[in-house]
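First the structure, in the form of structure tokens, and then the observations on it.
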Amino acid sequence: ELSDILAQMVGELSALHIFVYGGDMRRSTDAVAPASLGARLTRDDAGGGYRVDHIYQSDPDSPRDMSPLARFGVNVNEGDVIEGVNGVPTLSVADIGALLRDQADRQVLLRVKAKGGGDREVVVTPISQGRENGLRYNEWEYTRRLAVETKSADHIG
């Protein structure tokens with residue numbers, strides 16, 4: 001509450017770049033760090049798992065910034081269905097995020113059913129939520145750049 005009051009007082013000064021941060025914060029012992037596969041997923045009960053609706057794109061010149069599902073050797077495509085994570089069926093939990101808790105930067109085994117059929121297992125390294133936010137922004141930036149290049153016939157930067 002004190003932080004809120006101080007923030008409101010600083011806001012009345014109409015000064016830029018003045019911030020108020022909370023004091024000492026206790027860290028919870030049961031803190032959970034969510035992870036992401038760098039894609040939009042939709043629960044598909046009929047398909048048997050979570051369908052990959054969209055894999056975030058990135059500039060091919062920055063391979064470090066690629067979505068985990070778009071990395072070389074993973075071979076997961078939009079329309080594929082993720083049936084399991086580390087041997088646990090994805091439909092056995094309310095959200096696939098529950099299976100990805102504390103898995104950022106750790107390899108996980110996905111059971112994937114291809115859009116055309118055929119199951120396979122792939123190893124992927126999920127990213128943190130913060131990196132996923134950056135990935136979304138990079139996609140926005142990259143797709144805007146592609147749109148400008150297309151509409152200008154490569155005459156504008």
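Chain identifiers are assigned as A, B, and so on, following the order in which chains appear in the structure tokens; residues are numbered from 1 within each chain, and ligands are numbered from 1 in order of appearance.
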Neighbouring residues of stretch 64-80 of chain A were defined as those with any atom within 12 Å, considering only C-alpha atoms; residues of the same chain fewer than 5 positions away were excluded. Please report them as an NGL selection string.
:A and (35-44 or 47-59 or 104-128 or 131-139 or 142)
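With only C-alpha atoms as the basis for measurement, A:Ala46 is the residue among A:Ala153, A:Leu146, A:Ala46, A:Ala31 that approaches A:Leu91 most closely.
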Considering only C-alpha atoms, return as a list in words whatever protein or nucleic-acid residues lie within 9 Å of A:Gly22, sequence-local ones (same chain, fewer than 5 positions apart) excluded.
Leu2, Ser3 and Asp4 of chain A
